[in-house]
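Participant: Structure file upload28.cif, mmCIF, C-alpha atoms, is pasted below:
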```
data_my_file
loop_
_atom_site.label_atom_id
_atom_site.label_comp_id
_atom_site.auth_asym_id
_atom_site.auth_seq_id
_atom_site.Cartn_x
_atom_site.Cartn_y
_atom_site.Cartn_z
CA MET A 429 71.40 140.72 160.60
CA GLU A 430 69.68 137.71 162.13
CA PRO A 431 70.61 134.32 160.59
CA ILE A 432 67.76 132.73 158.68
CA GLN A 433 66.85 129.14 159.50
CA LEU A 434 65.54 127.17 156.53
CA THR A 435 62.78 124.61 156.45
CA TRP A 436 63.76 120.98 156.08
CA LYS A 437 62.66 121.02 152.44
CA GLN A 438 64.70 124.15 151.67
CA ARG A 439 67.65 122.74 153.60
CA GLY A 440 67.54 119.48 151.63
CA GLU A 441 67.41 121.31 148.30
CA LEU A 442 70.26 123.62 149.36
CA TRP A 443 72.61 120.85 150.45
CA LEU A 444 71.65 118.78 147.42
CA ARG A 445 72.73 121.65 145.15
CA LEU A 446 75.98 122.07 147.06
CA GLY A 447 76.62 118.32 146.93
CA VAL A 448 75.98 118.18 143.19
CA ARG A 449 78.32 121.13 142.63
CA ALA A 450 81.01 119.48 144.76
CA VAL A 451 80.71 116.23 142.78
CA LEU A 452 80.84 118.15 139.49
CA LEU A 453 83.94 120.02 140.69
CA VAL A 454 85.71 116.76 141.57
CA LEU A 455 84.72 115.24 138.21
CA ALA A 456 85.93 118.36 136.39
CA LEU A 457 89.31 118.23 138.17
CA LEU A 458 89.65 114.51 137.39
CA ALA A 459 88.71 115.14 133.75
CA LEU A 460 91.26 117.96 133.60
CA ARG A 461 93.99 115.82 135.14
CA PHE A 462 93.39 112.54 133.32
CA GLY A 463 91.58 113.70 130.18
CA VAL A 464 92.19 117.27 129.06
CA LEU A 465 95.89 117.54 129.91
CA PRO A 466 96.89 114.23 128.21
CA LEU A 467 94.72 115.19 125.23
CA LEU A 468 96.43 118.57 124.97
CA SER A 469 99.79 116.80 125.13
CA TRP A 470 98.83 114.46 122.29
CA LEU A 471 97.37 117.28 120.19
CA SER A 472 100.05 119.83 121.10
CA PRO A 473 101.16 120.44 117.45
CA PHE A 474 97.59 121.38 116.51
CA VAL A 475 97.05 123.46 119.67
CA LEU A 476 100.26 125.40 119.02
CA ALA A 477 99.29 125.79 115.37
CA LEU A 478 95.91 127.21 116.41
CA VAL A 479 97.55 129.71 118.78
CA LEU A 480 100.06 130.83 116.14
CA SER A 481 97.30 131.12 113.54
CA TRP A 482 95.29 133.30 115.90
CA MET A 483 98.35 135.55 116.37
CA LEU A 484 99.10 135.78 112.63
CA ASN A 485 95.51 136.28 111.50
CA PRO A 486 95.41 140.12 111.96
CA LEU A 487 98.62 140.55 109.92
CA VAL A 488 97.41 138.15 107.21
CA ARG A 489 94.05 139.96 107.03
CA TRP A 490 95.78 143.35 106.77
CA LEU A 491 98.16 142.15 104.02
CA GLN A 492 95.28 140.55 102.12
CA LYS A 493 93.36 143.84 102.24
CA LYS A 494 96.36 145.91 101.12
CA LEU A 495 97.77 143.59 98.45
CA SER A 496 94.57 141.90 97.20
CA ILE A 497 96.39 138.56 96.98
CA SER A 498 95.13 135.10 97.82
CA ARG A 499 95.15 134.39 101.55
CA GLY A 500 96.93 131.10 100.94
CA ILE A 501 99.85 132.79 99.14
CA ILE A 502 100.18 135.43 101.87
CA THR A 503 100.07 132.74 104.56
CA MET A 504 102.74 130.64 102.85
CA THR A 505 105.06 133.62 102.33
CA LEU A 506 104.59 134.90 105.85
CA LEU A 507 105.24 131.48 107.40
CA ILE A 508 108.40 131.04 105.33
CA VAL A 509 109.70 134.43 106.52
CA VAL A 510 108.72 133.91 110.17
CA PHE A 511 110.00 130.35 110.48
CA GLY A 512 113.11 131.21 108.46
CA LEU A 513 114.06 134.07 110.78
CA VAL A 514 113.13 132.23 113.98
CA GLY A 515 114.71 128.97 112.82
CA GLY A 516 117.91 130.72 111.77
CA ALA A 517 118.20 132.56 115.08
CA LEU A 518 117.53 129.38 117.06
CA TRP A 519 120.05 127.44 114.98
CA ALA A 520 122.75 130.08 115.57
CA LEU A 521 122.01 130.26 119.31
CA THR A 522 121.97 126.47 119.59
CA TRP A 523 125.28 126.18 117.76
CA MET A 524 126.88 128.76 120.07
CA ALA A 525 125.35 127.13 123.16
CA VAL A 526 126.60 123.65 122.18
CA ASP A 527 130.08 125.07 121.59
CA GLN A 528 130.08 126.70 125.03
CA VAL A 529 128.73 123.55 126.70
CA GLN A 530 131.58 121.55 125.18
CA ALA A 531 134.09 124.12 126.43
CA LEU A 532 132.41 124.02 129.86
CA PHE A 533 132.84 120.25 130.12
CA GLN A 534 136.44 120.39 128.91
CA ASN A 535 137.40 123.10 131.42
CA TRP A 536 135.29 121.86 134.32
CA GLY A 537 138.25 120.94 136.50
CA GLY A 538 139.73 124.42 136.24
CA ILE A 539 136.34 126.01 136.93
CA VAL A 540 135.91 123.95 140.11
CA ASP A 541 139.40 124.91 141.29
CA SER A 542 138.65 128.59 140.63
CA VAL A 543 135.35 128.43 142.54
CA LEU A 544 136.99 126.72 145.52
CA THR A 545 139.84 129.24 145.52
CA ASN A 546 137.40 132.15 145.56
CA LEU A 547 135.41 130.42 148.30
CA ASP A 548 138.52 130.09 150.45
CA GLU A 549 139.31 133.76 149.92
CA VAL A 550 135.78 134.73 151.00
CA VAL A 551 136.10 132.60 154.15
CA ASP A 552 139.50 134.17 154.93
CA TRP A 553 138.02 137.63 154.37
CA LEU A 554 135.17 136.87 156.77
CA GLY A 555 137.74 135.59 159.24
CA GLY A 556 139.17 139.09 159.41
CA PHE A 557 135.90 140.20 160.97
CA GLY A 558 135.82 137.30 163.41
CA ASP A 559 136.13 139.63 166.39
CA LEU A 560 133.27 141.83 165.18
CA LEU A 561 130.83 139.09 164.18
CA PRO A 562 128.91 136.96 166.69
CA GLY A 563 130.40 133.51 167.07
CA GLY A 564 127.23 131.85 165.80
CA ALA A 565 127.17 133.97 162.64
CA TYR A 566 130.80 133.21 161.80
CA ASN A 567 130.34 129.49 162.43
CA ALA A 568 127.21 129.50 160.25
CA GLY A 569 129.21 131.16 157.47
CA GLU A 570 131.92 128.51 157.74
CA ARG A 571 129.35 125.72 157.61
CA LEU A 572 127.71 127.28 154.57
CA ALA A 573 131.08 127.52 152.83
CA GLN A 574 131.76 123.86 153.62
CA LEU A 575 128.37 122.86 152.21
CA VAL A 576 129.04 124.79 149.01
CA GLU A 577 132.50 123.24 148.72
CA THR A 578 131.10 119.74 149.20
CA TRP A 579 128.35 120.39 146.66
CA VAL A 580 130.82 121.69 144.05
CA ARG A 581 133.19 118.74 144.55
CA ASP A 582 130.33 116.25 144.27
CA ILE A 583 129.26 117.50 140.85
CA ASP A 584 130.15 114.60 138.55
CA VAL A 585 130.41 115.87 134.97
CA SER A 586 131.69 112.52 133.71
CA GLY A 587 128.58 110.93 135.19
CA TRP A 588 126.41 113.36 133.26
CA LEU A 589 128.21 112.46 130.03
CA LYS A 590 127.73 108.75 130.77
CA VAL A 591 124.01 109.28 131.34
CA VAL A 592 123.72 111.17 128.04
CA ALA A 593 125.62 108.40 126.24
CA ASP A 594 123.40 105.71 127.79
CA ARG A 595 120.27 107.56 126.73
CA ALA A 596 121.50 108.31 123.23
CA PRO A 597 119.35 105.61 121.52
CA SER A 598 116.18 106.87 123.18
CA LEU A 599 117.17 110.46 122.38
CA VAL A 600 117.43 109.53 118.71
CA GLY A 601 113.87 108.22 118.84
CA GLN A 602 112.71 111.38 120.57
CA VAL A 603 114.43 113.54 117.95
CA SER A 604 112.64 111.68 115.16
CA SER A 605 109.31 112.14 116.97
CA PHE A 606 110.11 115.83 117.40
CA VAL A 607 110.85 116.20 113.70
CA VAL A 608 107.53 114.56 112.77
CA ALA A 609 105.67 116.77 115.28
CA THR A 610 107.39 119.86 113.85
CA ILE A 611 106.33 118.95 110.30
CA VAL A 612 102.74 118.39 111.47
CA PHE A 613 102.86 121.73 113.32
CA LEU A 614 104.05 123.59 110.21
CA MET A 615 101.40 122.00 107.98
CA ALA A 616 98.63 122.58 110.54
CA THR A 617 99.69 126.21 110.95
CA TYR A 618 99.43 126.79 107.20
CA PHE A 619 96.04 125.09 106.80
CA ILE A 620 94.49 126.77 109.86
CA THR A 621 95.85 130.23 109.01
CA ALA A 622 94.78 129.98 105.37
CA ASP A 623 91.23 128.89 106.32
CA TYR A 624 90.99 130.83 109.60
CA PRO A 625 87.93 133.00 108.70
CA ARG A 626 85.95 130.02 107.36
CA LEU A 627 86.86 127.80 110.34
CA ARG A 628 85.95 130.56 112.80
CA PHE A 629 82.58 131.11 111.14
CA PHE A 630 81.96 127.35 110.99
CA ILE A 631 82.45 127.08 114.78
CA THR A 632 80.76 130.29 115.94
CA ASP A 633 77.75 129.86 113.63
CA ARG A 634 76.78 126.66 115.45
CA VAL A 635 77.00 128.16 118.96
CA PRO A 636 73.90 129.89 120.40
CA ALA A 637 74.20 133.65 120.85
CA PRO A 638 74.11 133.63 124.70
CA ALA A 639 76.75 130.91 124.88
CA ARG A 640 78.83 132.74 122.27
CA SER A 641 78.66 135.95 124.32
CA PHE A 642 79.61 134.13 127.52
CA CYS A 643 82.49 132.29 125.82
CA GLY A 644 83.66 135.62 124.42
CA GLU A 645 83.85 137.11 127.92
CA VAL A 646 85.72 134.07 129.27
CA ARG A 647 88.07 134.18 126.29
CA ARG A 648 88.72 137.88 126.90
CA ILE A 649 89.58 137.19 130.55
CA PHE A 650 92.00 134.39 129.66
CA MET A 651 93.59 136.47 126.90
CA GLU A 652 94.12 139.39 129.29
CA ALA A 653 95.90 137.08 131.73
CA PHE A 654 97.83 134.66 129.52
CA GLY A 655 97.89 136.63 126.27
CA GLY A 656 98.66 139.98 127.87
CA TYR A 657 100.66 139.50 131.03
CA LEU A 658 102.52 136.37 129.93
CA LYS A 659 103.37 137.91 126.55
CA SER A 660 104.67 141.04 128.26
CA GLN A 661 106.82 138.98 130.63
CA LEU A 662 108.27 137.03 127.69
CA ILE A 663 109.15 140.30 125.94
CA ILE A 664 110.80 141.64 129.10
CA SER A 665 112.79 138.41 129.60
CA PHE A 666 113.90 138.49 125.95
CA VAL A 667 115.15 142.07 126.31
CA VAL A 668 116.97 141.10 129.52
CA PHE A 669 118.55 138.18 127.64
CA LEU A 670 119.77 140.56 124.92
CA ILE A 671 121.22 142.98 127.50
CA LEU A 672 123.01 140.15 129.28
CA SER A 673 124.30 138.59 126.05
CA LEU A 674 125.66 141.87 124.71
CA GLY A 675 127.08 142.84 128.09
CA PHE A 676 128.86 139.53 128.59
CA PHE A 677 130.14 139.69 125.00
CA PHE A 678 131.65 143.15 125.45
CA ILE A 679 133.35 142.28 128.76
CA GLY A 680 134.60 138.94 127.36
CA GLN A 681 132.80 136.81 129.94
CA SER A 682 133.38 133.07 129.53
CA TYR A 683 130.25 131.05 128.70
CA GLY A 684 128.39 134.34 128.28
CA LEU A 685 125.51 132.86 126.26
CA LEU A 686 124.81 130.11 128.79
CA LEU A 687 124.97 132.59 131.66
CA ALA A 688 122.69 135.04 129.85
CA LEU A 689 120.16 132.30 129.19
CA GLY A 690 120.23 131.11 132.80
CA PHE A 691 119.93 134.63 134.22
CA ALA A 692 117.09 135.47 131.81
CA VAL A 693 115.19 132.41 133.05
CA LEU A 694 115.77 133.58 136.63
CA ASP A 695 114.55 137.03 135.65
CA PHE A 696 111.32 135.52 134.34
CA ILE A 697 110.57 134.02 137.77
CA PRO A 698 108.76 136.52 140.03
CA ILE A 699 110.66 137.90 143.05
CA ILE A 700 113.96 136.14 142.15
CA GLY A 701 115.46 137.95 139.14
CA SER A 702 119.00 137.97 137.75
CA GLY A 703 120.22 140.27 140.52
CA THR A 704 120.05 137.41 143.04
CA ILE A 705 123.11 135.93 141.29
CA MET A 706 124.86 138.95 139.78
CA VAL A 707 125.01 141.06 142.95
CA PRO A 708 126.57 138.31 145.14
CA TRP A 709 128.90 137.49 142.24
CA ALA A 710 130.07 141.12 142.16
CA VAL A 711 130.51 141.08 145.97
CA VAL A 712 132.73 137.98 145.70
CA ASP A 713 134.75 139.73 142.98
CA ILE A 714 135.28 142.70 145.29
CA ILE A 715 136.40 140.43 148.13
CA THR A 716 138.83 138.58 145.85
CA GLY A 717 140.21 141.85 144.44
CA ASN A 718 138.69 141.58 140.96
CA TYR A 719 137.32 145.12 141.03
CA THR A 720 137.10 145.59 137.25
CA HIS A 721 134.90 142.55 136.75
CA ALA A 722 132.74 143.53 139.73
CA ALA A 723 132.17 146.98 138.21
CA GLN A 724 131.32 145.44 134.85
CA LEU A 725 128.76 143.10 136.41
CA MET A 726 127.14 145.93 138.35
CA ILE A 727 126.94 148.09 135.21
CA ILE A 728 125.16 145.28 133.34
CA TRP A 729 122.84 144.69 136.28
CA GLY A 730 122.24 148.45 136.55
CA ILE A 731 121.17 148.59 132.88
CA ILE A 732 118.74 145.72 133.52
CA ALA A 733 117.38 147.46 136.62
CA LEU A 734 117.01 150.74 134.68
CA PHE A 735 115.17 148.94 131.89
CA ARG A 736 112.84 147.30 134.38
CA ARG A 737 112.18 150.65 136.04
CA LEU A 738 111.49 152.58 132.82
CA GLY A 739 110.50 150.02 130.23
CA GLU A 740 108.58 147.40 132.22
CA PRO A 741 105.61 149.67 133.09
CA LYS A 742 105.17 150.60 129.43
CA ILE A 743 105.40 146.99 128.23
CA LEU A 744 103.47 145.41 131.07
CA GLY A 745 101.05 148.27 131.56
CA ASP A 746 98.12 147.32 133.77
CA GLN A 747 97.88 143.75 132.49
CA THR A 748 97.60 142.01 135.83
CA GLY A 749 95.10 144.18 137.65
CA LEU A 750 96.34 142.49 140.85
CA SER A 751 97.41 144.34 143.95
CA PRO A 752 100.94 143.57 145.20
CA ILE A 753 99.62 141.50 148.11
CA LEU A 754 97.41 139.37 145.83
CA SER A 755 100.34 138.88 143.45
CA LEU A 756 102.46 137.75 146.39
CA VAL A 757 99.72 135.34 147.51
CA GLY A 758 99.50 133.90 143.98
CA ILE A 759 103.27 133.49 143.78
CA TYR A 760 103.55 131.81 147.19
CA VAL A 761 100.61 129.43 146.74
CA GLY A 762 101.78 128.63 143.21
CA MET A 763 105.26 127.85 144.55
CA LEU A 764 103.82 125.47 147.15
CA LEU A 765 101.64 123.66 144.61
CA GLY A 766 103.74 123.74 141.45
CA GLY A 767 107.28 124.82 142.25
CA VAL A 768 108.93 127.28 139.88
CA LEU A 769 106.23 126.87 137.21
CA GLY A 770 103.61 127.49 139.88
CA MET A 771 105.28 130.78 140.82
CA ILE A 772 104.78 131.95 137.23
CA VAL A 773 101.28 130.58 136.63
CA GLY A 774 99.91 131.21 140.16
CA PRO A 775 99.27 134.98 139.79
CA LEU A 776 97.74 134.41 136.34
CA LEU A 777 95.29 131.81 137.63
CA LEU A 778 94.40 134.07 140.55
CA LEU A 779 93.73 136.90 138.09
CA VAL A 780 91.52 134.63 136.00
CA PHE A 781 89.62 133.48 139.12
CA ILE A 782 89.01 137.08 140.27
CA ASN A 783 87.79 138.19 136.84
CA LEU A 784 85.51 135.15 136.53
CA THR A 785 84.10 136.03 139.94
CA LYS A 786 83.41 139.58 138.73
CA LEU A 787 81.68 138.06 135.71
CA GLY A 788 79.23 136.37 138.08
CA ILE A 789 80.06 132.76 137.33
CA PHE A 790 80.37 131.87 141.00
CA SER A 791 77.44 133.98 142.22
CA PRO A 792 75.00 131.02 142.59
CA VAL A 793 77.62 129.03 144.49
CA MET A 794 78.40 131.95 146.80
CA ALA A 795 74.69 132.53 147.40
CA ASP A 796 74.18 128.88 148.38
CA LEU A 797 77.24 128.93 150.64
CA SER A 798 75.97 132.09 152.29
CA ALA A 799 72.54 130.52 152.80
CA ALA A 800 74.13 127.36 154.23
CA ALA A 801 76.26 129.39 156.66
CA SER A 802 73.23 131.41 157.73
CA ASP A 803 71.18 128.24 158.24
CA VAL A 804 73.92 126.61 160.34
CA ALA A 805 74.29 129.79 162.41
CA ALA A 806 70.52 129.89 162.99
CA ILE A 807 70.48 126.23 164.09
CA LEU A 808 73.36 126.79 166.52
CA LYS A 809 71.76 129.94 167.85
CA SER A 810 68.39 128.25 168.46
CA GLY A 811 70.14 125.35 170.19
CA HIS A 812 72.04 127.76 172.40
CA ARG A 813 68.80 129.46 173.47
CA LYS A 814 67.30 126.15 174.48
#
```
Show me this structure written as structure tokens.

Facilitator:
Amino acid sequence: MEPIQLTWKQRGELWLRLGVRAVLLVLALLALRFGVLPLLSWLSPFVLALVLSWMLNPLVRWLQKKLSISRGIITMTLLIVVFGLVGGALWALTWMAVDQVQALFQNWGGIVDSVLTNLDEVVDWLGGFGDLLPGGAYNAGERLAQLVETWVRDIDVSGWLKVVADRAPSLVGQVSSFVVATIVFLMATYFITADYPRLRFFITDRVPAPARSFCGEVRRIFMEAFGGYLKSQLIISFVVFLILSLGFFFIGQSYGLLLALGFAVLDFIPIIGSGTIMVPWAVVDIITGNYTHAAQLMIIWGIIALFRRLGEPKILGDQTGLSPILSLVGIYVGMLLGGVLGMIVGPLLLLVFINLTKLGIFSPVMADLSAAASDVAAILKSGHRK
């Protein structure tokens, strides 16, 4: 296909449109960075209340239809039950976590000695293969062990406690602000949930039908990404946390709740997973002769792997719609731009972008870019002929 060279009038209009779109994109990014995000932070109790109200609305509507009771009474009862159960569970977990953190600080010296002893045993075990391993590989292993030893020795728990003590006054102020925000969140959740149908009609009735249809499609796309995939990942991570907590409880693992929480967070991060810690841990146990504990760790990790193999497809389903290579691209670019959080959000944003492209939002922009590329190619081609 021959490139099409535009007239000067067409070229001016084309580049004017592209320039205006570029300026609007920059303004939108600046507004997002310095306007929308701070505003969401300030209004976070109301935003969270709106999200929770949207999640509770189907259940409230169903109960209202079945029981024929006032929506306000149903909302109040449901919120008391939900927040009572969630609050009680969080209180119990927090109490157990604080108790284990205290024990961790008290026994930190013994933990460091145990880690260094195991590290020395691993180095001695590798030394037995010194004749089989290349000299560079063995030296690299020794240097890595020295780095780990230096890092462990440099961890200053007393310094952490001093920092916490120094920041105690500011923490008290933050706790009071958190309490106020929690109260506002609870009240906003009740008022929004109780009046959800009227508020929804009040907003949608004032939006033109075409805009309402377009916003509905955009909302569906965002809900599929963040409401579907992210919700599924949270469910999976919660189940992994339960498996780890119960497994560590049954084997009598010290600081089991803290370890389960940390491994569940790792399991939420794409690619990494809890196995990146548990498998090397089991290998170290085998090297140091702790075969029973190594077998226990591998059984727990095997249950998690089995759950991911059988349960994850049913929970996650086809929520992403991304091919493995696109998911990997989203994870890598997200890691470069946003670190660990970027690894989680990157694939979701890529999914949203692809679905918005399918919706045709970027079609005018792509058409103008294609016309600009064709015009530039035609100019270069005509110049080459001359």

Participant: For Lys659 of chain A, which residue out of A:Leu776, A:Leu687, A:Leu455, A:Gly717 is the nearest one, using only C-alpha atoms?

Facilitator: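 Among the listed residues, A:Leu776 lies closest to Lys659 of chain A.
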
Participant: Fewer than 2 positions away in the same chain doesn't count, so skip those; otherwise give me all residues within 12 Å of Arg439 of chain A, counting all atoms listed in the file, as a list of chain:residue names.

Facilitator: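 That gives A:Ile432, A:Gln433, A:Leu434, A:Thr435, A:Trp436, A:Lys437, A:Glu441, A:Leu442, A:Trp443, A:Leu444, A:Arg445, A:Leu446, A:Asp796, A:Leu797, A:Ala799, A:Ala800, A:Ala801, A:Ser802, A:Asp803, A:Val804, A:Ile807.
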
Participant: Just to confirm, what's the straight-line distance from atom CA of Tyr624 of chain A to atom CA of Asn485 of chain A in Å (one decimal)?

Facilitator: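 So the two atoms, atom CA of Tyr624 of chain A and atom CA of Asn485 of chain A, lie 7.3 Å apart.
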
Participant: Do you have the atom CA of Ser605 of chain A-atom CA of Leu465 of chain A distance handy?

Facilitator: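 If I compute the distance from atom CA of Ser605 of chain A to atom CA of Leu465 of chain A, I get 19.4 Å.
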
Participant: So the first atom is atom CA of Asn718 of chain A and the second is atom CA of Val550 of chain A; what is the distance between them in Å, to one decimal place?

Facilitator: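 Value for the atom CA of Asn718 of chain A-atom CA of Val550 of chain A distance: 12.5 Å.
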
Participant: Can you pull out the residues contacting segment 513-526 of chain A? Cut-off 10 Å, using all atoms listed in the file, and skip same-chain residues under 2 positions away; I want them as a VMD selection string.

Facilitator: chain A and resid 507 to 511 528 to 532 683 to 686 689

Participant: So which one's closest to Leu738 of chain A, A:Leu480, A:Ile664, A:Leu468, A:Gly512? Using all atoms listed in the file, please.

Facilitator: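 Ranked by minimum distance to Leu738 of chain A, first place goes to A:Ile664.
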
Participant: Evaluated on this file, the PyMOL selection byres ((chain A and resi 721-728) around 10) picks out some residues - which ones are they, written as a count of residues only?

Facilitator: 32

Participant: Looking at only C-alpha atoms, which of A:Leu777, A:Arg499, A:Gly770, A:Leu754 is the one that sits closest to Tyr618 of chain A?

Facilitator: A:Arg499

Participant: Measuring between all atoms listed in the file, which one of A:Pro473, A:Gly690, A:Gly774, A:Pro636 shows the shortest distance to Leu756 of chain A?

Facilitator: A:Gly774

Participant: Rank nothing, just name the residue among A:Ile772, A:Ile759, A:Ala806, A:Met615 nearest to Val693 of chain A, using all atoms listed in the file.

Facilitator: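 Going through A:Ile772, A:Ile759, A:Ala806, A:Met615 one by one, the smallest distance to Val693 of chain A is for A:Ile772.
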
Participant: Mind checking which residues fall within 9 Å of segment 486-490 of chain A, counting all atoms listed in the file, ignoring those fewer than 6 positions away in the same chain, and posting them as a list in words?

Facilitator: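 Residues near the query, excluding close chain neighbours: Arg499, Ile502, Thr503, Leu506, Thr621 and Ala622 of chain A.
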
Participant: I need the residue set behind the PyMOL selection byres ((chain A and resi 477) around 10) for this file; please write it as a VMD selection string.

Facilitator: chain A and resid 471 to 476 478 to 483 612 to 621

Participant: Report, as JSON, the centre and edge lengths in Å (one decimal) of the axis-aligned box enclosing every listed atom of segment 700-716 of chain A, padded by 4 Å on each side.

Facilitator:
```
{"center_x": 126.4, "center_y": 139.3, "center_z": 142.9, "size_x": 32.9, "size_y": 14.8, "size_z": 18.4}
```

Participant: Apply the PyMOL selection byres ((chain A and resi 694) around 12) to the file shown and report the selected residues as a short mmCIF file (atom, residue, chain, number, x, y, z; two decimals) with C-alpha atoms, in the frame of the given file.

Facilitator:
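So the final result, stored in selection33.cif, reads:
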```
data_model
loop_
_atom_site.label_atom_id
_atom_site.label_comp_id
_atom_site.auth_asym_id
_atom_site.auth_seq_id
_atom_site.Cartn_x
_atom_site.Cartn_y
_atom_site.Cartn_z
CA SER A 665 112.79 138.41 129.60
CA PHE A 666 113.90 138.49 125.95
CA VAL A 668 116.97 141.10 129.52
CA PHE A 669 118.55 138.18 127.64
CA LEU A 687 124.97 132.59 131.66
CA ALA A 688 122.69 135.04 129.85
CA LEU A 689 120.16 132.30 129.19
CA GLY A 690 120.23 131.11 132.80
CA PHE A 691 119.93 134.63 134.22
CA ALA A 692 117.09 135.47 131.81
CA VAL A 693 115.19 132.41 133.05
CA ASP A 695 114.55 137.03 135.65
CA PHE A 696 111.32 135.52 134.34
CA ILE A 697 110.57 134.02 137.77
CA PRO A 698 108.76 136.52 140.03
CA ILE A 699 110.66 137.90 143.05
CA ILE A 700 113.96 136.14 142.15
CA GLY A 701 115.46 137.95 139.14
CA SER A 702 119.00 137.97 137.75
CA GLY A 703 120.22 140.27 140.52
CA THR A 704 120.05 137.41 143.04
CA ILE A 705 123.11 135.93 141.29
CA MET A 706 124.86 138.95 139.78
CA VAL A 768 108.93 127.28 139.88
CA LEU A 769 106.23 126.87 137.21
CA MET A 771 105.28 130.78 140.82
CA ILE A 772 104.78 131.95 137.23
#
```
